[in-house]
>>> print(open('data_16.csv').read())   # CSV, C-alpha atoms
chain,number,residue,atom,x,y,z
X,1,MET,CA,-15.2,25.6,8.5
X,2,GLU,CA,-13.7,22.9,10.9
X,3,GLN,CA,-14.0,20.3,8.2
X,4,LEU,CA,-12.2,22.6,5.8
X,5,LYS,CA,-9.4,23.2,8.3
X,6,GLN,CA,-9.0,19.5,8.8
X,7,GLU,CA,-8.8,19.0,5.0
X,8,LEU,CA,-6.3,21.8,4.7
X,9,LYS,CA,-4.0,20.3,7.4
X,10,GLU,CA,-4.1,16.9,5.8
X,11,ALA,CA,-3.2,18.5,2.4
X,12,LEU,CA,-0.3,20.4,3.9
X,13,ILE,CA,1.1,17.3,5.7
X,14,ASP,CA,0.8,15.2,2.5
X,15,THR,CA,2.0,17.7,0.0
X,16,LEU,CA,4.8,19.3,2.1
X,17,ASN,CA,5.8,15.8,3.6
X,18,LEU,CA,5.6,17.1,7.2
X,19,GLU,CA,7.0,13.9,8.7
X,20,ASP,CA,5.7,12.6,12.0
X,21,MET,CA,3.1,15.3,12.1
X,22,THR,CA,-0.7,14.9,12.6
X,23,PRO,CA,-3.5,17.4,11.8
X,24,GLN,CA,-4.1,17.7,15.5
X,25,GLU,CA,-0.6,19.0,16.1
X,26,ILE,CA,-1.1,22.0,13.7
X,27,ASP,CA,-2.5,24.9,15.6
X,28,ASP,CA,-5.1,26.7,13.6
X,29,ALA,CA,-3.8,30.2,14.6
X,30,ALA,CA,0.0,29.4,14.5
X,31,PRO,CA,2.0,31.0,11.8
X,32,LEU,CA,2.8,28.7,8.9
X,33,PHE,CA,6.0,30.5,7.9
X,34,GLY,CA,9.1,31.7,9.8
X,35,ASP,CA,10.8,30.3,12.8
X,36,GLU,CA,7.6,30.0,14.9
X,37,GLY,CA,4.9,27.5,14.0
X,38,LEU,CA,5.6,25.2,11.1
X,39,GLY,CA,8.6,27.0,9.7
X,40,LEU,CA,7.6,26.7,6.0
X,41,ASP,CA,9.6,28.4,3.3
X,42,SER,CA,9.1,30.0,-0.2
X,43,ILE,CA,9.0,26.6,-2.0
X,44,ASP,CA,6.2,25.5,0.3
X,45,ALA,CA,4.3,28.7,-0.5
X,46,LEU,CA,4.4,27.6,-4.2
X,47,GLU,CA,3.0,24.2,-3.2
X,48,ILE,CA,0.2,25.9,-1.2
X,49,ILE,CA,-0.7,28.1,-4.2
X,50,LEU,CA,-1.1,24.8,-6.2
X,51,ILE,CA,-3.3,23.3,-3.4
X,52,LEU,CA,-5.6,26.4,-3.6
X,53,GLU,CA,-5.8,26.3,-7.4
X,54,ARG,CA,-6.2,22.5,-7.8
X,55,ASN,CA,-8.5,21.8,-4.8
X,56,TYR,CA,-10.6,25.0,-4.6
X,57,GLY,CA,-10.3,26.7,-8.0
X,58,ILE,CA,-8.7,29.8,-6.5
X,59,ARG,CA,-6.0,31.9,-8.2
X,60,ILE,CA,-4.0,34.3,-6.1
X,61,GLU,CA,-4.4,37.5,-8.2
X,62,LYS,CA,-2.5,39.9,-5.9
X,63,PRO,CA,0.8,38.3,-4.7
X,64,SER,CA,1.1,41.1,-2.2
X,65,GLU,CA,-1.9,39.7,-0.3
X,66,GLY,CA,-0.2,36.3,0.0
X,67,LYS,CA,1.5,37.1,3.3
X,68,GLU,CA,-1.8,37.7,5.1
X,69,ILE,CA,-3.7,34.9,3.3
X,70,PHE,CA,-0.9,32.3,4.1
X,71,TYR,CA,-0.4,33.4,7.7
X,72,SER,CA,-2.1,30.5,9.3
X,73,VAL,CA,-4.6,27.6,8.7
X,74,ASP,CA,-7.3,30.0,10.1
X,75,THR,CA,-6.5,32.8,7.5
X,76,LEU,CA,-6.2,30.2,4.7
X,77,ALA,CA,-9.5,28.7,5.5
X,78,GLN,CA,-11.2,32.1,5.7
X,79,PHE,CA,-9.8,33.0,2.3
X,80,ILE,CA,-10.9,29.7,0.8
X,81,THR,CA,-14.4,30.0,2.2
X,82,ALA,CA,-14.8,33.5,0.7
X,83,ASN,CA,-13.3,32.8,-2.7
X,84,ARG,CA,-13.6,29.1,-3.6
X,85,THR,CA,-15.1,28.2,-7.0
X,86,LYS,CA,-15.2,24.4,-6.4
K,1,MET,CA,48.3,5.5,-13.6
K,2,PHE,CA,47.5,8.5,-11.4
K,3,GLU,CA,50.1,11.2,-11.5
K,4,LYS,CA,50.0,11.5,-7.7
K,5,ALA,CA,48.9,8.9,-5.2
K,6,VAL,CA,45.2,8.8,-4.3
K,7,TYR,CA,44.3,7.3,-0.9
K,8,ILE,CA,40.9,6.2,0.3
K,9,HIS,CA,40.6,7.6,3.9
K,10,SER,CA,37.1,6.5,4.6
K,11,ILE,CA,34.2,4.8,2.9
K,12,ALA,CA,30.4,4.4,3.5
K,13,SER,CA,27.8,2.5,1.6
K,14,ILE,CA,24.1,2.0,1.7
K,15,HIS,CA,23.3,-1.2,-0.2
K,16,PRO,CA,21.1,-4.3,-0.2
K,17,SER,CA,21.8,-7.0,2.5
K,18,VAL,CA,25.2,-8.8,2.0
K,19,SER,CA,23.9,-12.0,3.6
K,20,GLU,CA,22.6,-15.1,2.1
K,21,PRO,CA,23.4,-14.4,-1.6
K,22,ALA,CA,22.7,-18.1,-2.4
K,23,ASP,CA,18.9,-17.4,-2.2
K,24,ARG,CA,19.1,-14.9,-4.9
K,25,ILE,CA,18.3,-15.7,-8.5
K,26,PRO,CA,18.1,-13.6,-11.7
K,27,GLY,CA,15.1,-11.4,-11.8
K,28,THR,CA,15.2,-10.8,-8.0
K,29,ARG,CA,14.8,-7.2,-6.9
K,30,LEU,CA,17.3,-6.1,-4.3
K,31,LYS,CA,16.4,-3.1,-2.1
K,32,ALA,CA,18.9,-1.1,-0.2
K,33,GLU,CA,18.8,-1.5,3.5
K,34,GLU,CA,18.3,2.1,4.6
K,35,PRO,CA,19.5,3.6,7.9
K,36,ASP,CA,17.6,5.7,10.4
K,37,TYR,CA,17.8,9.0,8.5
K,38,LYS,CA,16.8,11.0,11.5
K,39,GLN,CA,20.2,10.3,13.0
K,40,LEU,CA,22.2,11.0,9.9
K,41,ILE,CA,20.1,14.0,8.6
K,42,PRO,CA,18.8,15.6,11.7
K,43,ASN,CA,17.7,18.8,9.9
K,44,VAL,CA,14.0,18.2,9.7
K,45,GLY,CA,13.3,21.0,7.2
K,46,ALA,CA,15.9,19.7,4.8
K,47,ARG,CA,15.0,16.0,5.3
K,48,ARG,CA,11.3,16.2,4.7
K,49,ARG,CA,11.8,17.4,1.1
K,50,MET,CA,14.3,14.8,0.2
K,51,SER,CA,13.2,11.8,-1.8
K,52,ARG,CA,14.6,8.3,-1.2
K,53,ILE,CA,17.7,8.6,-3.4
K,54,ILE,CA,18.6,12.0,-2.0
K,55,ARG,CA,18.4,10.6,1.6
K,56,MET,CA,20.5,7.6,0.6
K,57,GLY,CA,23.2,9.8,-1.0
K,58,VAL,CA,23.3,12.4,1.7
K,59,ALA,CA,23.3,9.8,4.5
K,60,ALA,CA,26.1,7.8,2.8
K,61,ALA,CA,28.2,11.1,2.4
K,62,THR,CA,27.5,12.0,6.0
K,63,ARG,CA,28.6,8.6,7.3
K,64,CYS,CA,31.7,8.7,5.1
K,65,LEU,CA,32.8,12.0,6.7
K,66,GLN,CA,31.9,10.7,10.1
K,67,GLU,CA,34.1,7.7,9.5
K,68,ALA,CA,37.0,10.0,8.7
K,69,GLY,CA,36.7,10.9,12.3
K,70,GLU,CA,37.1,14.6,12.1
K,71,ALA,CA,35.0,17.7,11.5
K,72,MET,CA,36.2,18.7,8.1
K,73,GLN,CA,35.2,20.3,4.9
K,74,PRO,CA,36.2,18.5,1.7
K,75,ASP,CA,37.9,20.6,-0.9
K,76,ALA,CA,35.6,19.2,-3.6
K,77,ILE,CA,32.3,17.2,-3.7
K,78,LEU,CA,31.9,14.9,-6.7
K,79,THR,CA,28.8,12.8,-7.2
K,80,ALA,CA,28.0,10.3,-9.9
K,81,THR,CA,24.7,8.7,-11.0
K,82,GLY,CA,23.7,6.7,-14.0
K,83,LEU,CA,20.0,7.6,-13.9
K,84,GLY,CA,19.6,10.3,-11.3
K,85,CYS,CA,16.6,11.1,-9.1
K,86,LEU,CA,14.1,8.8,-10.8
K,87,GLU,CA,11.4,8.9,-8.2
K,88,ASP,CA,11.1,12.7,-8.4
K,89,THR,CA,11.4,12.6,-12.2
K,90,GLU,CA,8.6,10.2,-12.4
K,91,LYS,CA,6.5,12.3,-10.0
K,92,PHE,CA,7.1,15.4,-12.1
K,93,MET,CA,6.4,13.7,-15.4
K,94,ASN,CA,3.2,12.1,-14.0
K,95,SER,CA,2.1,15.5,-12.7
K,96,PHE,CA,2.3,16.7,-16.4
K,97,LEU,CA,-0.2,14.1,-17.3
K,98,ASP,CA,-2.5,14.4,-14.3
K,99,ASN,CA,-2.7,18.2,-14.5
K,100,ASP,CA,-2.9,18.6,-18.3
K,101,GLU,CA,0.6,20.2,-18.4
K,102,GLY,CA,-0.3,22.9,-16.0
K,103,LEU,CA,-0.1,23.5,-12.2
K,104,LEU,CA,3.2,21.7,-11.8
K,105,ALA,CA,4.6,21.3,-8.3
K,106,PRO,CA,8.0,22.9,-7.8
K,107,THR,CA,9.5,20.4,-5.4
K,108,ALA,CA,9.6,17.4,-7.7
K,109,PHE,CA,11.1,19.4,-10.5
K,110,ILE,CA,13.8,20.9,-8.2
K,111,GLN,CA,14.6,17.5,-6.8
K,112,SER,CA,14.6,15.7,-10.2
K,113,THR,CA,17.8,17.2,-11.4
K,114,PHE,CA,20.9,15.0,-11.4
K,115,ASN,CA,23.0,17.3,-9.3
K,116,THR,CA,20.5,17.6,-6.4
K,117,ILE,CA,22.4,15.2,-4.2
K,118,GLY,CA,25.7,16.9,-4.6
K,119,GLY,CA,24.0,20.2,-3.9
K,120,GLN,CA,22.2,18.9,-0.8
K,121,ILE,CA,25.4,17.6,0.6
K,122,ALA,CA,27.1,21.0,0.1
K,123,LEU,CA,24.1,22.8,1.6
K,124,LEU,CA,24.1,20.7,4.7
K,125,LEU,CA,27.9,21.0,5.1
K,126,GLY,CA,27.8,24.7,4.3
K,127,ASN,CA,30.5,23.8,1.7
K,128,HIS,CA,31.2,26.3,-1.2
K,129,ALA,CA,34.0,24.2,-2.8
K,130,TYR,CA,34.1,22.7,-6.3
K,131,ASN,CA,30.9,20.6,-6.8
K,132,ASN,CA,30.4,18.5,-9.8
K,133,THR,CA,28.1,15.7,-10.8
K,134,TYR,CA,28.9,13.0,-13.5
K,135,VAL,CA,26.2,11.3,-15.4
K,136,HIS,CA,27.9,9.0,-17.8
K,137,ARG,CA,26.0,5.7,-17.5
K,138,ALA,CA,28.3,3.0,-16.1
K,139,PHE,CA,31.3,5.4,-16.3
K,140,SER,CA,29.8,7.9,-13.9
K,141,LEU,CA,31.7,7.0,-10.8
K,142,GLU,CA,34.9,6.3,-12.8
K,143,SER,CA,34.7,9.8,-14.2
K,144,ALA,CA,34.2,11.3,-10.8
K,145,ILE,CA,37.2,9.4,-9.5
K,146,LEU,CA,39.3,10.6,-12.4
K,147,ASP,CA,38.3,14.2,-11.7
K,148,ALA,CA,39.2,13.7,-8.0
K,149,ALA,CA,42.6,12.2,-9.0
K,150,LEU,CA,43.2,15.2,-11.3
K,151,LEU,CA,42.2,17.7,-8.6
K,152,LEU,CA,44.6,16.0,-6.1
K,153,ALA,CA,47.4,15.8,-8.7
K,154,GLU,CA,47.1,19.5,-9.6
K,155,GLY,CA,47.1,20.5,-5.9
K,156,LYS,CA,43.7,22.0,-6.2
K,157,ALA,CA,42.4,19.8,-3.5
K,158,SER,CA,43.8,17.6,-0.8
K,159,ARG,CA,40.6,15.9,0.3
K,160,VAL,CA,37.8,15.1,-2.1
K,161,LEU,CA,34.4,13.6,-1.2
K,162,ALA,CA,33.3,11.4,-4.1
K,163,GLY,CA,30.4,9.0,-4.4
K,164,SER,CA,27.8,7.4,-6.5
K,165,ILE,CA,24.0,6.9,-6.1
K,166,ASP,CA,21.3,5.1,-8.1
K,167,GLU,CA,17.8,4.1,-7.1
K,168,LEU,CA,15.5,1.4,-8.4
K,169,THR,CA,11.9,2.4,-8.8
K,170,ASP,CA,8.9,0.3,-9.6
K,171,THR,CA,8.7,1.9,-13.0
K,172,LEU,CA,12.3,1.3,-13.9
K,173,PHE,CA,12.2,-2.3,-12.7
K,174,ALA,CA,9.1,-3.0,-14.8
K,175,ILE,CA,10.5,-1.2,-17.9
K,176,LEU,CA,13.8,-3.0,-17.8
K,177,ALA,CA,12.0,-6.3,-17.1
K,178,ARG,CA,10.2,-5.8,-20.4
K,179,PHE,CA,13.6,-5.3,-22.1
K,180,GLY,CA,14.7,-8.6,-20.6
K,181,CYS,CA,17.4,-7.0,-18.5
K,182,TRP,CA,16.7,-9.2,-15.5
K,183,ARG,CA,16.9,-12.5,-17.3
K,184,ASN,CA,20.5,-12.9,-16.2
K,185,ALA,CA,20.8,-10.3,-13.5
K,186,MET,CA,19.3,-9.1,-10.3
K,187,ALA,CA,18.1,-5.6,-10.1
K,188,GLY,CA,19.9,-3.4,-7.5
K,189,GLU,CA,20.5,0.0,-6.1
K,190,GLY,CA,22.8,1.8,-3.7
K,191,ALA,CA,24.8,4.7,-2.6
K,192,ALA,CA,28.6,4.7,-1.8
K,193,PHE,CA,30.8,7.6,-0.8
K,194,PHE,CA,34.6,7.8,-0.4
K,195,LEU,CA,36.9,10.4,1.1
K,196,LEU,CA,39.9,10.5,-1.2
K,197,ALA,CA,43.1,12.2,-0.2
K,198,ASP,CA,46.6,13.0,-1.6
K,199,GLN,CA,48.4,11.9,1.6
K,200,PRO,CA,48.1,8.6,3.5
K,201,SER,CA,46.8,8.5,7.1
K,202,ALA,CA,46.9,5.8,9.8
K,203,ALA,CA,43.3,5.0,8.8
K,204,SER,CA,43.8,4.8,5.0
K,205,LEU,CA,41.9,1.8,3.7
K,206,ALA,CA,43.6,1.5,0.3
K,207,GLN,CA,45.4,3.3,-2.5
K,208,LEU,CA,43.8,3.9,-5.9
K,209,LYS,CA,46.5,3.0,-8.4
K,210,ALA,CA,44.9,3.1,-11.8
K,211,ILE,CA,41.6,3.3,-13.6
K,212,ASP,CA,40.5,2.2,-17.1
K,213,MET,CA,37.3,2.6,-19.1
K,214,ILE,CA,36.6,0.6,-22.2
K,215,SER,CA,33.6,1.0,-24.5
K,216,SER,CA,33.1,-2.2,-26.4
K,217,PRO,CA,30.5,-4.9,-27.1
K,218,GLU,CA,33.0,-7.4,-25.8
K,219,LYS,CA,34.1,-7.6,-22.2
K,220,PRO,CA,37.9,-7.2,-21.7
K,221,GLY,CA,39.4,-10.7,-21.7
K,222,GLU,CA,41.9,-12.3,-19.3
K,223,ALA,CA,44.8,-11.3,-21.6
K,224,TYR,CA,43.7,-7.6,-21.3
K,225,LEU,CA,43.3,-7.8,-17.5
K,226,HIS,CA,46.8,-9.4,-17.1
K,227,ALA,CA,48.4,-6.9,-19.4
K,228,PHE,CA,46.8,-4.1,-17.3
K,229,LEU,CA,48.2,-5.6,-14.1
K,230,LYS,CA,51.6,-6.0,-15.7
K,231,ARG,CA,51.6,-2.4,-16.9
K,232,TYR,CA,51.1,-1.2,-13.2
K,233,HIS,CA,53.4,-3.8,-11.7
K,234,ALA,CA,50.5,-5.5,-9.8
K,235,GLU,CA,50.6,-9.0,-11.1
K,236,GLU,CA,49.9,-10.2,-7.5
K,237,ALA,CA,46.5,-8.5,-7.5
K,238,THR,CA,43.3,-10.5,-6.9
K,239,ILE,CA,40.9,-10.0,-9.7
K,240,LEU,CA,37.4,-9.2,-8.4
K,241,TYR,CA,34.9,-10.0,-11.2
K,242,PRO,CA,31.5,-8.3,-11.3
K,243,GLU,CA,29.5,-11.4,-10.4
K,244,GLU,CA,31.4,-11.6,-7.1
K,245,TYR,CA,30.1,-8.4,-5.7
K,246,LYS,CA,26.9,-8.0,-7.8
K,247,GLN,CA,25.5,-11.1,-6.1
K,248,TYR,CA,25.1,-8.7,-3.1
K,249,CYS,CA,24.2,-5.3,-4.7
K,250,GLY,CA,22.5,-6.3,-7.9
K,251,GLU,CA,22.9,-4.6,-11.3
K,252,TYR,CA,22.7,-0.8,-11.7
K,253,PRO,CA,24.8,1.8,-13.5
K,254,THR,CA,26.9,2.7,-10.5
K,255,ALA,CA,27.3,-0.7,-9.0
K,256,MET,CA,31.0,0.0,-9.1
K,257,GLY,CA,30.5,2.2,-6.0
K,258,PHE,CA,29.4,-0.9,-4.0
K,259,GLY,CA,32.3,-2.8,-5.7
K,260,LEU,CA,34.8,-0.3,-4.5
K,261,TRP,CA,33.4,-0.6,-1.0
K,262,TYR,CA,33.5,-4.4,-1.2
K,263,ALA,CA,37.1,-4.4,-2.6
K,264,CYS,CA,38.3,-2.1,0.3
K,265,ARG,CA,36.7,-4.5,2.8
K,266,GLN,CA,38.4,-7.5,1.1
K,267,ILE,CA,41.8,-5.7,1.4
K,268,GLN,CA,41.1,-4.9,5.0
K,269,GLU,CA,39.7,-8.2,6.1
K,270,LYS,CA,41.7,-10.6,4.0
K,271,GLY,CA,44.9,-8.6,3.9
K,272,LEU,CA,45.0,-8.8,0.1
K,273,PRO,CA,48.0,-6.8,-1.3
K,274,ALA,CA,46.1,-5.6,-4.3
K,275,VAL,CA,42.7,-6.0,-6.0
K,276,LEU,CA,41.7,-5.4,-9.6
K,277,LEU,CA,38.0,-4.5,-9.5
K,278,CYS,CA,36.2,-5.1,-12.8
K,279,ASN,CA,32.8,-3.9,-13.9
K,280,SER,CA,30.7,-4.4,-17.0
K,281,PHE,CA,27.3,-2.8,-17.7
K,282,LEU,CA,26.0,-3.1,-21.2
K,283,ASP,CA,28.9,-1.9,-23.4
K,284,ASN,CA,30.7,0.0,-20.6
K,285,HIS,CA,33.5,-1.9,-19.0
K,286,SER,CA,35.8,-0.4,-16.3
K,287,LEU,CA,38.8,-1.5,-14.2
K,288,ILE,CA,40.0,0.0,-10.9
K,289,LEU,CA,43.3,-1.1,-9.4
K,290,LEU,CA,43.6,-0.8,-5.6
K,291,LYS,CA,46.6,-1.5,-3.4
K,292,GLN,CA,47.0,-2.0,0.3
K,293,VAL,CA,48.5,1.0,2.1
>>> encode(input="data_16.csv", output="structure tokens")
Amino acid sequence: MEQLKQELKEALIDTLNLEDMTPQEIDDAAPLFGDEGLGLDSIDALEIILILERNYGIRIEKPSEGKEIFYSVDTLAQFITANRTK
Amino acid sequence: MFEKAVYIHSIASIHPSVSEPADRIPGTRLKAEEPDYKQLIPNVGARRRMSRIIRMGVAAATRCLQEAGEAMQPDAILTATGLGCLEDTEKFMNSFLDNDEGLLAPTAFIQSTFNTIGGQIALLLGNHAYNNTYVHRAFSLESAILDAALLLAEGKASRVLAGSIDELTDTLFAILARFGCWRNAMAGEGAAFFLLADQPSAASLAQLKAIDMISSPEKPGEAYLHAFLKRYHAEEATILYPEEYKQYCGEYPTAMGFGLWYACRQIQEKGLPAVLLCNSFLDNHSLILLKQV
């Protein structure tokens, strides 16, 4: 799980171009969206959907669940572990 | 000639180094000297998504407004580009290939459109005024200036932010090299913005008197240039040929943006009463007549 979280953080930094940020600076439990935490927005959510599909073979079938799944690196990693196909 | 006077209040340019042009030979690739974007675009959220050309354009526009020395909103924002946001376009097109035409990332697509830079400037300023982007090869900046002059003449604007941006990517440089474009020219890039106004101010750098665009396989000759100057009663003007400023900025569709910045500096530093700025890019030739204020 720790390796997956590290991998996810690196993918987020690279894909979302989070300048001057290192994986260590991203708190596993901090919210990814909104004013607290990383402050990501809806375009970033689309990029994360692509990370899940390309890297782990996961399609988000119920968009309503997105808010819980995308809450933090912790919740993303748990979702990937339970649903990954590659 | 413009119906109403058009004054250049402030100017900002991001361009390759203007020193040691003697070392430069055809085929050289000139890269713009970029500023510290953190100072000019402090909004981290907006900056992280901007590609190089967008940063150059937004930073030049920001500097231009800062140079004007007042917190102001322009009445119109006009941008010009010959080839647009190439880096993002290439990224988006490559993702087509890499992902078998599926799973395309939204950011590169959004940022690849020609009017992204004008839109980003408006977003950062919170500006809801007229916003237009001109993409007419080497007539792009000239078209934007013409639009600005018309807005000022019609009284629809009193201050217009106008500028041009083009970037040189590895792919573009390689493709144009295969066409032989760099046999007699240096490859360049840059961003230049101007605050144009209908009234002079103490800080006005120059007055734009006239503009001309000619589509022809032949460059306008000396007779044409002198007839142009005579028509606008500016026979005393110094003619600034493309080679004189392109030795610094290189060749690109909107090199006229750097040319305009360079001409304004010549007027300021050498006290020239008038300058006729000439540009030629393939079959597009343009002239801009500037006068000291």
>>> interface_residues(input="data_16.csv", of="chain K", to="chain X", cutoff="7 Å", atoms="all atoms listed in the file", output="ChimeraX atom specification")
/K:48-49,103,105-106
>>> residues_around(input="data_16.csv", residues="X:Glu10", least_positions_apart="2", cutoff="12 Å", atoms="all atoms listed in the file", output="mmCIF file with C-alpha atoms, in the coordinates of the input")
data_model
loop_
_atom_site.group_PDB
_atom_site.id
_atom_site.type_symbol
_atom_site.label_atom_id
_atom_site.label_comp_id
_atom_site.auth_asym_id
_atom_site.auth_seq_id
_atom_site.Cartn_x
_atom_site.Cartn_y
_atom_site.Cartn_z
ATOM 1 C CA GLN X 3 -14.000 20.300 8.200
ATOM 2 C CA LEU X 4 -12.200 22.600 5.800
ATOM 3 C CA LYS X 5 -9.400 23.200 8.300
ATOM 4 C CA GLN X 6 -9.000 19.500 8.800
ATOM 5 C CA GLU X 7 -8.800 19.000 5.000
ATOM 6 C CA LEU X 8 -6.300 21.800 4.700
ATOM 7 C CA LEU X 12 -0.300 20.400 3.900
ATOM 8 C CA ILE X 13 1.100 17.300 5.700
ATOM 9 C CA ASP X 14 0.800 15.200 2.500
ATOM 10 C CA THR X 15 2.000 17.700 0.000
ATOM 11 C CA LEU X 16 4.800 19.300 2.100
ATOM 12 C CA ASN X 17 5.800 15.800 3.600
ATOM 13 C CA LEU X 18 5.600 17.100 7.200
ATOM 14 C CA GLU X 19 7.000 13.900 8.700
ATOM 15 C CA MET X 21 3.100 15.300 12.100
ATOM 16 C CA THR X 22 -0.700 14.900 12.600
ATOM 17 C CA PRO X 23 -3.500 17.400 11.800
ATOM 18 C CA GLN X 24 -4.100 17.700 15.500
ATOM 19 C CA GLU X 25 -0.600 19.000 16.100
ATOM 20 C CA ILE X 26 -1.100 22.000 13.700
ATOM 21 C CA ILE X 51 -3.300 23.300 -3.400
ATOM 22 C CA VAL X 73 -4.600 27.600 8.700
#
>>> closest_atom_pairs(input="data_16.csv", of="stretch 246-285 of chain K", to="stretch 216-229 of chain K", cutoff="10 Å", atoms="all atoms listed in the file", output="Markdown table")
| residue | atom | partner | partner_atom | distance |
| --- | --- | --- | --- | --- |
| K:Val275 | CA | K:Leu229 | CA | 9.8 |
| K:Leu276 | CA | K:Leu229 | CA | 7.9 |
| K:Cys278 | CA | K:Leu225 | CA | 8.9 |
| K:Asn279 | CA | K:Lys219 | CA | 9.2 |
| K:Ser280 | CA | K:Lys219 | CA | 7.0 |
| K:Phe281 | CA | K:Lys219 | CA | 9.5 |
| K:Leu282 | CA | K:Pro217 | CA | 7.6 |
| K:Asp283 | CA | K:Pro217 | CA | 5.0 |
| K:Asn284 | CA | K:Ser216 | CA | 6.7 |
| K:His285 | CA | K:Lys219 | CA | 6.6 |
>>> closest_residue(input="data_16.csv", among="X:Asn83, X:Ser64, X:Ser42, X:Ser72", to="X:Asp27", atoms="all atoms listed in the file")
X:Ser72
>>> residues_around(input="data_16.csv", residues="stretch 149-157 of chain K", least_positions_apart="6", cutoff="6 Å", atoms="only C-alpha atoms", output="PyMOL selection string")
chain K and resi 4+75+198
>>> closest_residue(input="data_16.csv", among="X:Leu52, X:Gly37, X:Lys67, X:Met1", to="X:Lys86", atoms="all atoms listed in the file")
X:Leu52
>>> atom_distance(input="data_16.csv", atom1="atom CA of K:Tyr232", atom2="atom CA of K:Ala210")
7.7 Å
>>> atom_distance(input="data_16.csv", atom1="atom CA of X:Leu32", atom2="atom CA of K:Gln120")
23.8 Å
>>> atom_distance(input="data_16.csv", atom1="atom CA of K:Ser13", atom2="atom CA of K:Cys64")
8.1 Å
>>> closest_residue(input="data_16.csv", among="K:Gly27, K:Pro42, K:Gly118, K:Gly250", to="K:Ile77", atoms="all atoms listed in the file")
K:Gly118
>>> closest_residue(input="data_16.csv", among="K:Ser10, K:Ser51, K:Asn132, K:Ser201", to="K:Thr107", atoms="all atoms listed in the file")
K:Ser51
>>> residues_around(input="data_16.csv", residues="K:Val58", least_positions_apart="2", cutoff="8 Å", atoms="all atoms listed in the file", output="mmCIF file with C-alpha atoms, keeping the file's coordinate frame")
data_model
loop_
_atom_site.group_PDB
_atom_site.id
_atom_site.type_symbol
_atom_site.label_atom_id
_atom_site.label_comp_id
_atom_site.auth_asym_id
_atom_site.auth_seq_id
_atom_site.Cartn_x
_atom_site.Cartn_y
_atom_site.Cartn_z
ATOM 1 C CA ILE K 41 20.100 14.000 8.600
ATOM 2 C CA ILE K 54 18.600 12.000 -2.000
ATOM 3 C CA ARG K 55 18.400 10.600 1.600
ATOM 4 C CA MET K 56 20.500 7.600 0.600
ATOM 5 C CA ALA K 60 26.100 7.800 2.800
ATOM 6 C CA ALA K 61 28.200 11.100 2.400
ATOM 7 C CA THR K 62 27.500 12.000 6.000
ATOM 8 C CA ILE K 117 22.400 15.200 -4.200
ATOM 9 C CA GLN K 120 22.200 18.900 -0.800
ATOM 10 C CA ILE K 121 25.400 17.600 0.600
#
>>> closest_residue(input="data_16.csv", among="K:Ile53, K:Ala263, K:Leu104, K:Cys181", to="K:Phe92", atoms="all atoms listed in the file")
K:Leu104
>>> residues_around(input="data_16.csv", residues="K:Arg265", least_positions_apart="5", cutoff="10 Å", atoms="only C-alpha atoms", output="list in words")
Ile11, Leu205, Ala206, Gly259, Leu260, Lys270, Gly271 and Leu272 of chain K
>>> closest_residue(input="data_16.csv", among="X:Ala11, X:Ala30, X:Ala45, X:Ile58", to="X:Arg84", atoms="only C-alpha atoms")
X:Ile58
>>> build_atoms(input="data_16.csv", residues="stretch 239-248 of chain K", atoms="N, CA and C atoms", output="PDB file, in the coordinates of the input")
ATOM      1  N   ILE K 239      41.853 -10.612  -8.795  1.00  0.00           N
ATOM      2  CA  ILE K 239      40.900 -10.000  -9.700  1.00  0.00           C
ATOM      3  C   ILE K 239      39.461 -10.249  -9.130  1.00  0.00           C
ATOM      4  N   LEU K 240      38.736  -9.148  -8.977  1.00  0.00           N
ATOM      5  CA  LEU K 240      37.400  -9.200  -8.400  1.00  0.00           C
ATOM      6  C   LEU K 240      36.400  -8.985  -9.578  1.00  0.00           C
ATOM      7  N   TYR K 241      35.786 -10.075 -10.024  1.00  0.00           N
ATOM      8  CA  TYR K 241      34.900 -10.000 -11.200  1.00  0.00           C
ATOM      9  C   TYR K 241      33.507  -9.462 -10.746  1.00  0.00           C
ATOM     10  N   PRO K 242      32.760  -8.889 -11.699  1.00  0.00           N
ATOM     11  CA  PRO K 242      31.500  -8.300 -11.300  1.00  0.00           C
ATOM     12  C   PRO K 242      30.515  -9.215 -10.620  1.00  0.00           C
ATOM     13  N   GLU K 243      30.485 -10.494 -11.045  1.00  0.00           N
ATOM     14  CA  GLU K 243      29.500 -11.400 -10.400  1.00  0.00           C
ATOM     15  C   GLU K 243      29.768 -11.570  -8.932  1.00  0.00           C
ATOM     16  N   GLU K 244      31.035 -11.416  -8.522  1.00  0.00           N
ATOM     17  CA  GLU K 244      31.400 -11.600  -7.100  1.00  0.00           C
ATOM     18  C   GLU K 244      30.739 -10.624  -6.174  1.00  0.00           C
ATOM     19  N   TYR K 245      30.671  -9.380  -6.622  1.00  0.00           N
ATOM     20  CA  TYR K 245      30.100  -8.400  -5.700  1.00  0.00           C
ATOM     21  C   TYR K 245      28.616  -8.051  -6.105  1.00  0.00           C
ATOM     22  N   LYS K 246      28.269  -8.290  -7.389  1.00  0.00           N
ATOM     23  CA  LYS K 246      26.900  -8.000  -7.800  1.00  0.00           C
ATOM     24  C   LYS K 246      25.888  -9.012  -7.271  1.00  0.00           C
ATOM     25  N   GLN K 247      26.381 -10.140  -6.750  1.00  0.00           N
ATOM     26  CA  GLN K 247      25.500 -11.100  -6.100  1.00  0.00           C
ATOM     27  C   GLN K 247      24.885 -10.437  -4.835  1.00  0.00           C
ATOM     28  N   TYR K 248      25.549  -9.423  -4.331  1.00  0.00           N
ATOM     29  CA  TYR K 248      25.100  -8.700  -3.100  1.00  0.00           C
ATOM     30  C   TYR K 248      24.299  -7.441  -3.477  1.00  0.00           C
TER      31      TYR K 248
END
